[in-house]
file protein_2.cif (mmCIF, C-alpha atoms)
data_model
loop_
_atom_site.label_atom_id
_atom_site.label_comp_id
_atom_site.auth_asym_id
_atom_site.auth_seq_id
_atom_site.Cartn_x
_atom_site.Cartn_y
_atom_site.Cartn_z
CA MET A 816 108.99 136.74 147.71
CA ARG A 817 110.24 133.27 148.05
CA LEU A 818 111.21 131.60 144.80
CA ARG A 819 109.59 128.31 143.99
CA ARG A 820 111.94 125.43 144.38
CA THR A 821 112.42 123.15 141.47
CA SER A 822 114.38 120.00 141.20
CA ALA A 823 115.92 118.12 138.31
CA LYS A 824 113.02 115.65 138.36
CA SER A 825 110.26 118.19 137.85
CA HIS A 826 110.80 119.44 134.32
CA GLY A 827 107.10 119.30 133.46
CA PHE A 828 105.66 117.50 130.45
CA GLU A 829 108.43 116.12 128.28
CA GLY A 830 106.36 114.22 125.68
CA ILE A 831 105.09 110.67 125.37
CA ASN A 832 107.52 107.82 125.97
CA ALA A 833 107.27 105.96 122.65
CA THR A 834 109.47 103.03 123.62
CA PRO A 835 106.72 100.67 124.93
CA LEU A 836 104.57 101.56 121.92
CA ILE A 837 107.37 100.65 119.54
CA ASP A 838 107.98 97.40 121.44
CA VAL A 839 104.35 96.38 121.15
CA VAL A 840 104.04 97.44 117.52
CA MET A 841 107.21 95.60 116.53
CA CYS A 842 105.94 92.45 118.26
CA LEU A 843 102.65 92.76 116.37
CA ILE A 844 104.46 93.19 113.06
CA ILE A 845 106.65 90.16 113.66
CA PHE A 846 103.55 88.19 114.62
CA PHE A 847 101.68 89.22 111.46
CA LEU A 848 104.70 88.49 109.28
CA LEU A 849 105.07 84.99 110.71
CA VAL A 850 101.35 84.27 110.51
CA GLY A 851 101.27 85.58 106.95
CA LYS A 852 104.20 83.37 106.00
CA LEU A 853 102.61 80.32 107.59
CA ALA A 854 99.28 81.09 105.93
CA VAL A 855 100.97 81.29 102.52
CA ASP A 856 102.77 78.02 103.18
CA GLN A 857 99.51 76.37 104.12
CA GLY A 858 97.68 78.01 101.25
CA GLY A 859 100.23 77.12 98.61
CA GLY A 860 98.82 79.75 96.27
CA VAL A 861 95.56 77.88 95.79
CA LEU A 862 92.45 79.77 94.73
CA LEU A 863 89.70 77.99 96.57
CA PRO A 864 86.20 77.40 95.20
CA ARG A 865 83.62 79.70 96.73
CA SER A 866 80.73 78.46 98.78
CA GLY A 867 77.98 80.09 100.76
CA ALA A 868 77.59 77.15 103.13
CA GLY A 869 80.05 75.29 105.26
CA LYS A 870 81.37 74.74 108.72
CA THR A 871 84.15 76.37 110.64
CA ASP A 872 84.65 74.09 113.65
CA ALA A 873 88.33 73.71 114.28
CA ALA A 874 90.18 70.42 114.41
CA GLU A 875 93.24 70.11 116.60
CA ASN A 876 95.19 67.83 114.34
CA MET A 877 94.91 68.32 110.62
CA LEU A 878 96.69 67.11 107.53
CA THR A 879 96.24 69.75 104.88
CA VAL A 880 96.73 68.71 101.27
CA ASN A 881 97.05 71.49 98.73
CA ILE A 882 96.18 70.64 95.16
CA ALA A 883 97.47 73.36 92.86
CA ILE A 884 97.72 73.74 89.12
CA ALA A 885 100.92 72.07 87.91
CA PRO A 886 103.63 74.49 86.79
CA GLU A 887 104.16 74.88 83.05
CA THR A 888 107.85 74.13 83.50
CA GLY A 889 106.99 70.58 84.44
CA LEU A 890 107.27 68.56 87.60
CA PRO A 891 110.55 68.17 89.47
CA ALA A 892 112.46 64.92 89.17
CA GLY A 893 110.97 62.08 91.15
CA VAL A 894 107.45 63.48 91.19
CA GLU A 895 104.86 61.56 89.20
CA ALA A 896 102.01 63.26 87.39
CA TRP A 897 99.53 61.28 89.45
CA ALA A 898 96.98 64.08 89.75
CA PRO A 899 96.57 65.11 86.09
CA GLY A 900 97.44 68.77 85.54
CA ALA A 901 97.98 69.35 89.24
CA THR A 902 100.44 68.92 92.07
CA ALA A 903 99.59 67.71 95.54
CA SER A 904 101.64 69.07 98.40
CA VAL A 905 101.67 68.81 102.16
CA LEU A 906 103.31 71.63 104.11
CA GLY A 907 104.94 72.95 100.96
CA GLN A 908 106.49 69.59 100.01
CA LEU A 909 105.27 67.92 96.84
CA VAL A 910 103.83 64.47 97.34
CA PRO A 911 105.57 62.37 94.67
CA ASN A 912 103.03 59.59 94.17
CA PRO A 913 99.75 58.12 95.50
CA GLY A 914 101.65 55.68 97.70
CA ALA A 915 103.38 58.53 99.50
CA MET A 916 100.05 60.30 99.99
CA GLU A 917 98.51 57.16 101.39
CA ALA A 918 101.46 56.69 103.75
CA LEU A 919 101.19 60.29 104.98
CA VAL A 920 97.50 59.88 105.76
CA ARG A 921 98.05 56.53 107.45
CA GLU A 922 100.88 57.89 109.57
CA LYS A 923 98.77 60.87 110.60
CA LEU A 924 95.81 58.72 111.57
CA LEU A 925 98.03 56.30 113.48
CA SER A 926 99.48 59.13 115.54
CA ASP A 927 96.02 60.56 116.20
CA ALA A 928 92.84 58.70 115.27
CA LYS A 929 90.88 61.95 115.45
CA ALA A 930 93.11 63.66 112.90
CA VAL A 931 91.33 65.27 110.00
CA VAL A 932 92.41 65.37 106.37
CA GLN A 933 91.49 68.57 104.61
CA ILE A 934 91.83 69.17 100.92
CA ARG A 935 92.46 72.61 99.50
CA ALA A 936 92.09 72.28 95.76
CA HIS A 937 92.25 75.02 93.15
CA ARG A 938 88.85 76.01 91.85
CA ASP A 939 89.84 75.78 88.17
CA LEU A 940 91.03 72.20 88.33
CA PRO A 941 88.97 69.35 86.95
CA PHE A 942 87.68 66.74 89.35
CA ALA A 943 90.15 64.30 87.77
CA ALA A 944 92.95 66.13 89.58
CA VAL A 945 91.26 65.86 92.97
CA GLU A 946 89.93 62.33 92.64
CA PRO A 947 93.27 60.46 93.03
CA VAL A 948 94.06 62.42 96.17
CA ILE A 949 90.69 61.52 97.69
CA ARG A 950 91.26 57.91 96.71
CA ALA A 951 94.70 57.92 98.34
CA CYS A 952 93.18 59.42 101.49
CA GLY A 953 90.58 56.65 101.54
CA ARG A 954 93.25 53.98 101.14
CA GLY A 955 95.25 55.63 103.89
CA GLY A 956 92.35 55.06 106.28
CA ALA A 957 90.46 58.35 106.18
CA THR A 958 86.69 57.96 106.21
CA THR A 959 85.83 61.60 105.83
CA ILE A 960 87.62 64.57 104.39
CA ARG A 961 87.12 68.28 104.53
CA LEU A 962 86.91 70.21 101.30
CA VAL A 963 88.10 73.70 102.08
CA THR A 964 86.28 76.53 100.37
CA GLU A 965 86.37 80.28 100.40
CA LYS A 966 83.65 81.70 102.56
CA VAL A 967 81.12 83.79 100.69
CA GLU A 968 78.43 85.56 102.68
CA MET B 1450 146.20 142.34 146.59
CA THR B 1451 144.54 139.82 144.40
CA ARG B 1452 140.79 139.28 144.31
CA ALA B 1453 141.06 135.76 145.60
CA ALA B 1454 143.01 136.90 148.54
CA ALA B 1455 140.48 139.64 149.34
CA GLN B 1456 137.57 137.27 149.53
CA PRO B 1457 137.39 134.95 152.45
CA ARG B 1458 138.30 131.40 151.65
CA GLU B 1459 135.26 129.48 150.54
CA THR B 1460 134.68 126.20 152.24
CA SER B 1461 133.59 123.13 150.34
CA THR B 1462 130.19 123.15 152.09
CA ARG B 1463 129.55 126.72 151.02
CA ARG B 1464 130.59 125.93 147.42
CA GLU B 1465 128.23 122.99 147.36
CA ARG B 1466 125.40 125.14 148.66
CA ARG B 1467 126.03 127.75 145.96
CA ARG B 1468 126.03 125.14 143.23
CA ARG B 1469 122.76 123.73 144.44
CA ARG B 1470 121.21 127.19 144.57
CA ALA B 1471 122.28 127.85 140.99
CA GLY B 1472 120.66 124.58 139.89
CA ARG B 1473 117.30 125.58 141.26
CA PHE B 1474 116.59 128.10 138.56
CA GLU B 1475 116.79 126.31 135.25
CA ARG B 1476 115.62 127.32 131.82
CA ARG B 1477 112.28 125.68 131.22
CA ASP B 1478 111.40 126.68 127.66
CA ALA B 1479 110.42 124.06 125.01
CA LEU B 1480 113.65 124.24 123.06
CA HIS B 1481 115.69 123.64 126.17
CA GLY B 1482 113.45 120.74 127.09
CA TYR B 1483 113.85 119.23 123.64
CA SER B 1484 117.59 119.64 123.70
CA LEU B 1485 117.71 117.56 126.87
CA HIS B 1486 116.47 114.54 124.89
CA PHE B 1487 119.26 113.02 122.98
CA GLY B 1488 119.21 109.94 120.72
CA PRO B 1489 117.42 109.14 117.46
CA ASN B 1490 114.12 110.74 116.58
CA MET B 1491 111.65 107.88 116.75
CA THR B 1492 108.65 109.66 115.28
CA PRO B 1493 109.21 108.76 111.57
CA MET B 1494 109.95 105.18 112.51
CA VAL B 1495 106.76 104.90 114.51
CA ASP B 1496 104.85 106.39 111.57
CA VAL B 1497 106.26 103.85 109.13
CA VAL B 1498 105.79 100.94 111.49
CA MET B 1499 102.17 101.90 112.10
CA VAL B 1500 101.53 102.07 108.35
CA ILE B 1501 103.07 98.61 107.87
CA LEU B 1502 101.00 97.24 110.72
CA ILE B 1503 97.77 98.65 109.33
CA PHE B 1504 98.69 97.25 105.89
CA PHE B 1505 99.18 93.74 107.28
CA MET B 1506 96.01 93.89 109.31
CA ALA B 1507 94.00 95.14 106.35
CA SER B 1508 95.44 92.56 103.97
CA ALA B 1509 94.73 89.81 106.49
CA ALA B 1510 91.12 90.95 106.62
CA PHE B 1511 90.97 91.24 102.81
CA PHE B 1512 91.86 87.61 102.20
CA GLY B 1513 88.54 85.95 102.89
CA SER B 1514 88.20 83.42 105.60
CA GLU B 1515 87.84 79.76 104.84
CA TRP B 1516 85.44 77.08 105.82
CA PHE B 1517 84.90 73.54 104.75
CA LEU B 1518 82.40 71.02 103.48
CA ARG B 1519 82.58 67.60 105.02
CA ALA B 1520 82.54 64.69 102.60
CA ALA B 1521 82.55 60.98 103.26
CA ILE B 1522 84.78 58.68 101.28
CA PRO B 1523 82.72 55.74 100.00
CA PRO B 1524 83.90 52.15 100.57
CA GLU B 1525 84.92 51.62 96.95
CA ALA B 1526 87.53 54.32 97.42
CA GLY B 1527 88.89 52.79 100.58
CA GLY B 1528 86.65 54.55 103.11
CA ARG B 1529 84.36 52.62 105.42
CA GLY B 1530 81.32 54.63 104.36
CA ALA B 1531 78.32 55.50 106.46
CA ALA B 1532 77.12 51.91 106.75
CA ALA B 1533 79.82 51.03 109.26
CA ALA B 1534 78.65 53.83 111.53
CA ARG B 1535 75.26 52.24 112.07
CA ARG B 1536 75.13 50.34 115.32
CA ASP B 1537 71.59 48.99 115.33
CA PRO B 1538 71.38 46.02 112.92
CA LEU B 1539 67.59 46.34 112.77
CA GLU B 1540 67.72 49.95 111.75
CA LEU B 1541 66.50 50.55 108.24
CA PRO B 1542 69.13 51.82 105.86
CA PRO B 1543 68.72 55.49 105.01
CA MET B 1544 67.55 56.72 101.67
CA ARG B 1545 70.48 56.96 99.29
CA LEU B 1546 70.50 59.30 96.36
CA THR B 1547 73.12 59.98 93.74
CA VAL B 1548 73.96 63.16 91.93
CA SER B 1549 75.83 62.33 88.75
CA LEU B 1550 77.85 65.00 87.01
CA ASP B 1551 79.30 64.75 83.56
CA VAL B 1552 80.48 67.01 80.78
CA SER B 1553 78.82 67.01 77.38
CA ASP B 1554 79.65 69.50 74.62
CA GLY B 1555 81.69 71.54 77.08
CA ARG B 1556 78.71 71.88 79.41
CA VAL B 1557 78.20 70.23 82.76
CA ILE B 1558 75.15 68.00 82.83
CA ALA B 1559 73.68 66.50 85.96
CA THR B 1560 71.31 63.72 86.89
CA PHE B 1561 69.40 63.73 90.15
CA ILE B 1562 66.05 62.09 91.03
CA GLU B 1563 63.71 63.01 88.16
CA ILE B 1564 66.17 65.23 86.29
CA ASN B 1565 68.02 63.23 83.69
CA LYS B 1566 71.05 64.91 82.16
CA GLY B 1567 69.77 68.35 82.94
CA GLY B 1568 71.68 71.52 83.52
CA LEU B 1569 73.65 72.07 86.69
CA ASP B 1570 71.51 75.05 87.69
CA GLU B 1571 68.40 72.95 87.39
CA VAL B 1572 69.78 70.27 89.66
CA VAL B 1573 71.02 72.81 92.20
CA LYS B 1574 67.54 74.35 92.30
CA ARG B 1575 65.99 70.90 92.73
CA ILE B 1576 68.31 70.13 95.64
CA GLU B 1577 67.61 73.44 97.32
CA ALA B 1578 63.88 72.86 96.93
CA MET B 1579 64.05 69.73 99.07
CA PRO B 1580 61.89 70.20 102.16
CA PRO B 1581 64.03 70.74 105.25
CA GLY B 1582 63.45 68.48 108.21
CA PRO B 1583 64.71 65.41 110.03
CA GLU B 1584 63.84 63.12 107.12
CA THR B 1585 65.94 65.15 104.72
CA GLU B 1586 68.81 65.17 107.19
CA LYS B 1587 68.89 61.38 107.16
CA ILE B 1588 69.28 61.13 103.40
CA GLU B 1589 72.69 60.07 102.17
CA VAL B 1590 73.77 61.60 98.90
CA LEU B 1591 76.67 60.48 96.78
CA VAL B 1592 78.11 63.01 94.38
CA ARG B 1593 79.63 61.16 91.48
CA ALA B 1594 81.54 63.26 88.99
CA THR B 1595 83.54 62.30 85.93
CA GLY B 1596 87.09 63.54 85.48
CA PRO B 1597 86.48 66.55 83.23
CA VAL B 1598 83.84 68.08 85.54
CA PRO B 1599 85.26 71.24 87.10
CA TYR B 1600 85.97 70.86 90.80
CA ARG B 1601 84.11 74.09 91.55
CA ASP B 1602 80.90 72.53 90.15
CA VAL B 1603 81.32 69.54 92.44
CA ILE B 1604 81.64 72.00 95.30
CA ARG B 1605 78.58 73.87 94.07
CA VAL B 1606 76.46 70.72 94.26
CA HIS B 1607 77.94 69.89 97.66
CA GLU B 1608 77.11 73.40 98.87
CA ALA B 1609 73.50 73.04 97.66
CA LEU B 1610 73.21 69.75 99.56
CA GLU B 1611 74.62 71.42 102.67
CA ARG B 1612 72.09 74.22 102.32
CA ALA B 1613 69.29 71.68 101.98
CA GLY B 1614 70.30 70.26 105.35
CA ILE B 1615 71.70 66.96 104.10
CA LYS B 1616 74.39 65.95 106.53
CA LYS B 1617 75.81 62.87 104.85
CA VAL B 1618 77.40 63.65 101.54
CA GLY B 1619 79.90 61.34 99.92
CA LEU B 1620 82.22 61.87 97.02
CA GLY B 1621 82.26 59.06 94.52
CA VAL B 1622 85.64 58.19 93.12
CA GLY B 1623 86.63 55.37 90.83
CA ARG B 1624 88.89 52.55 91.81
#
call {"tool": "encode", "arguments": {"input": "protein_2.cif", "output": "structure tokens"}}
result
Amino acid sequence: MRLRRTSAKSHGFEGINATPLIDVVMCLIIFFLLVGKLAVDQGGGVLLPRSGAGKTDAAENMLTVNIAIAPETGLPAGVEAWAPGATASVLGQLVPNPGAMEALVREKLLSDAKAVVQIRAHRDLPFAAVEPVIRACGRGGATTIRLVTEKVE
Amino acid sequence: MTRAAAQPRETSTRRERRRRRAGRFERRDALHGYSLHFGPNMTPMVDVVMVILIFFMASAAFFGSEWFLRAAIPPEAGGRGAAAARRDPLELPPMRLTVSLDVSDGRVIATFIEINKGGLDEVVKRIEAMPPGPETEKIEVLVRATGPVPYRDVIRVHEALERAGIKKVGLGVGR
């Protein structure tokens, strides 16, 4: 009887090659970590008011203003308490005064006339904290704003 | 006579052939197959990584999605208002209504059409009872709130207006 020839290449089933899987999974994790970090930066720890109605159409160029409850430790040096009991920030940087807010909006609208200003304000704040930001947006040239809310079905 | 001397001298070709023949019959059991794989065992790492991935995906889904309510900034606050958007000078101005919100005795009171300083729920119900249609869509509503009114109540009124089909909602702010 002739013996079956085998070669070094034909060892049979040697298990699944996990390397591509790990590559893909690691890429996904890095992606989620970055997106999560960016989302937190944009969110600024603001609990949004809930609403059962709203729109979701995306804008290409947005200026997002976060209005959060002011820390109990007080505001950092150089930042005015211009939104009572609250802090206004853009991309994680505190906006020190209404003039700076106005300038940010103006600059954004000059670079792109279709830019949209969206306000993410904490749900527990009084309207007095949001009002000066809206006023600064108006003075900066914005005619409409978006009030971001948490989607409730 | 030594053994090596007894055997005929093996040529390199013959030696090669013998080595190849010996390689044909290899152990093929599972343990031998496993021992051929060297390097770190990736299975626990893949397990952990998959758990982390599922955690991130689940937490991303848990944090609710966001949407927005569009609000116009009236001229007194620096905005141009809706009036500037009208192109036809002969066009009649749209109906303008105001929802006023204030706080009295720690309670939010609202005024809208025939409701004078009523409860917020009452006003929200009144807004939602507005008949939907093209006439309602043309109405411009200004939400005017005093400082102590909670922001979430302003949003609640805005949401009710949105539900009623009113497209032009402005937020009144002082100078």
call {"tool": "closest_residue", "arguments": {"input": "protein_2.cif", "among": "A:Ile837, A:Leu863, A:Ile844, A:Pro886", "to": "Phe1504 in chain B", "atoms": "all atoms listed in the file"}}
result
A:Ile844
call {"tool": "residues_around", "arguments": {"input": "protein_2.cif", "residues": "Val967 in chain A", "least_positions_apart": "3", "cutoff": "12 Å", "atoms": "all atoms listed in the file", "output": "ChimeraX atom specification"}}
result
/A:863-869,964 /B:1512-1517,1608
call {"tool": "write_last_selection", "arguments": {"input": "protein_2.cif", "atoms": "C-alpha atoms", "output": "JSON list (two decimals), in the frame of the given file"}}
result
[["chain", "number", "residue", "atom", "x", "y", "z"],
["A", 863, "LEU", "CA", 89.70, 77.99, 96.57],
["A", 864, "PRO", "CA", 86.20, 77.40, 95.20],
["A", 865, "ARG", "CA", 83.62, 79.70, 96.73],
["A", 866, "SER", "CA", 80.73, 78.46, 98.78],
["A", 867, "GLY", "CA", 77.98, 80.09, 100.76],
["A", 868, "ALA", "CA", 77.59, 77.15, 103.13],
["A", 869, "GLY", "CA", 80.05, 75.29, 105.26],
["A", 964, "THR", "CA", 86.28, 76.53, 100.37],
["B", 1512, "PHE", "CA", 91.86, 87.61, 102.20],
["B", 1513, "GLY", "CA", 88.54, 85.95, 102.89],
["B", 1514, "SER", "CA", 88.20, 83.42, 105.60],
["B", 1515, "GLU", "CA", 87.84, 79.76, 104.84],
["B", 1516, "TRP", "CA", 85.44, 77.08, 105.82],
["B", 1517, "PHE", "CA", 84.90, 73.54, 104.75],
["B", 1608, "GLU", "CA", 77.11, 73.40, 98.87]]
call {"tool": "closest_residue", "arguments": {"input": "protein_2.cif", "among": "A:Ala898, A:Ile949, A:Leu890, A:Ile934", "to": "Leu962 in chain A", "atoms": "only C-alpha atoms"}}
result
A:Ile934
call {"tool": "atom_distance", "arguments": {"input": "protein_2.cif", "atom1": "CA of Met1506 in chain B", "atom2": "CA of Arg935 in chain A"}}
result
23.7 Å
call {"tool": "residues_near_point", "arguments": {"input": "protein_2.cif", "point": "(103.7, 68.7, 87.3)", "cutoff": "7 Å", "atoms": "all atoms listed in the file", "output": "list in words"}}
result
Ala885, Pro886, Gly889, Leu890, Ala896, Gly900, Ala901 and Thr902 of chain A
call {"tool": "axis_aligned_box", "arguments": {"input": "protein_2.cif", "around": "range 920-927 of chain A", "padding_each_side": "4 Å", "output": "lines of an AutoDock Vina configuration file"}}
result
center_x = 98.3
center_y = 58.6
center_z = 111.0
size_x = 13.1
size_y = 12.6
size_z = 18.4
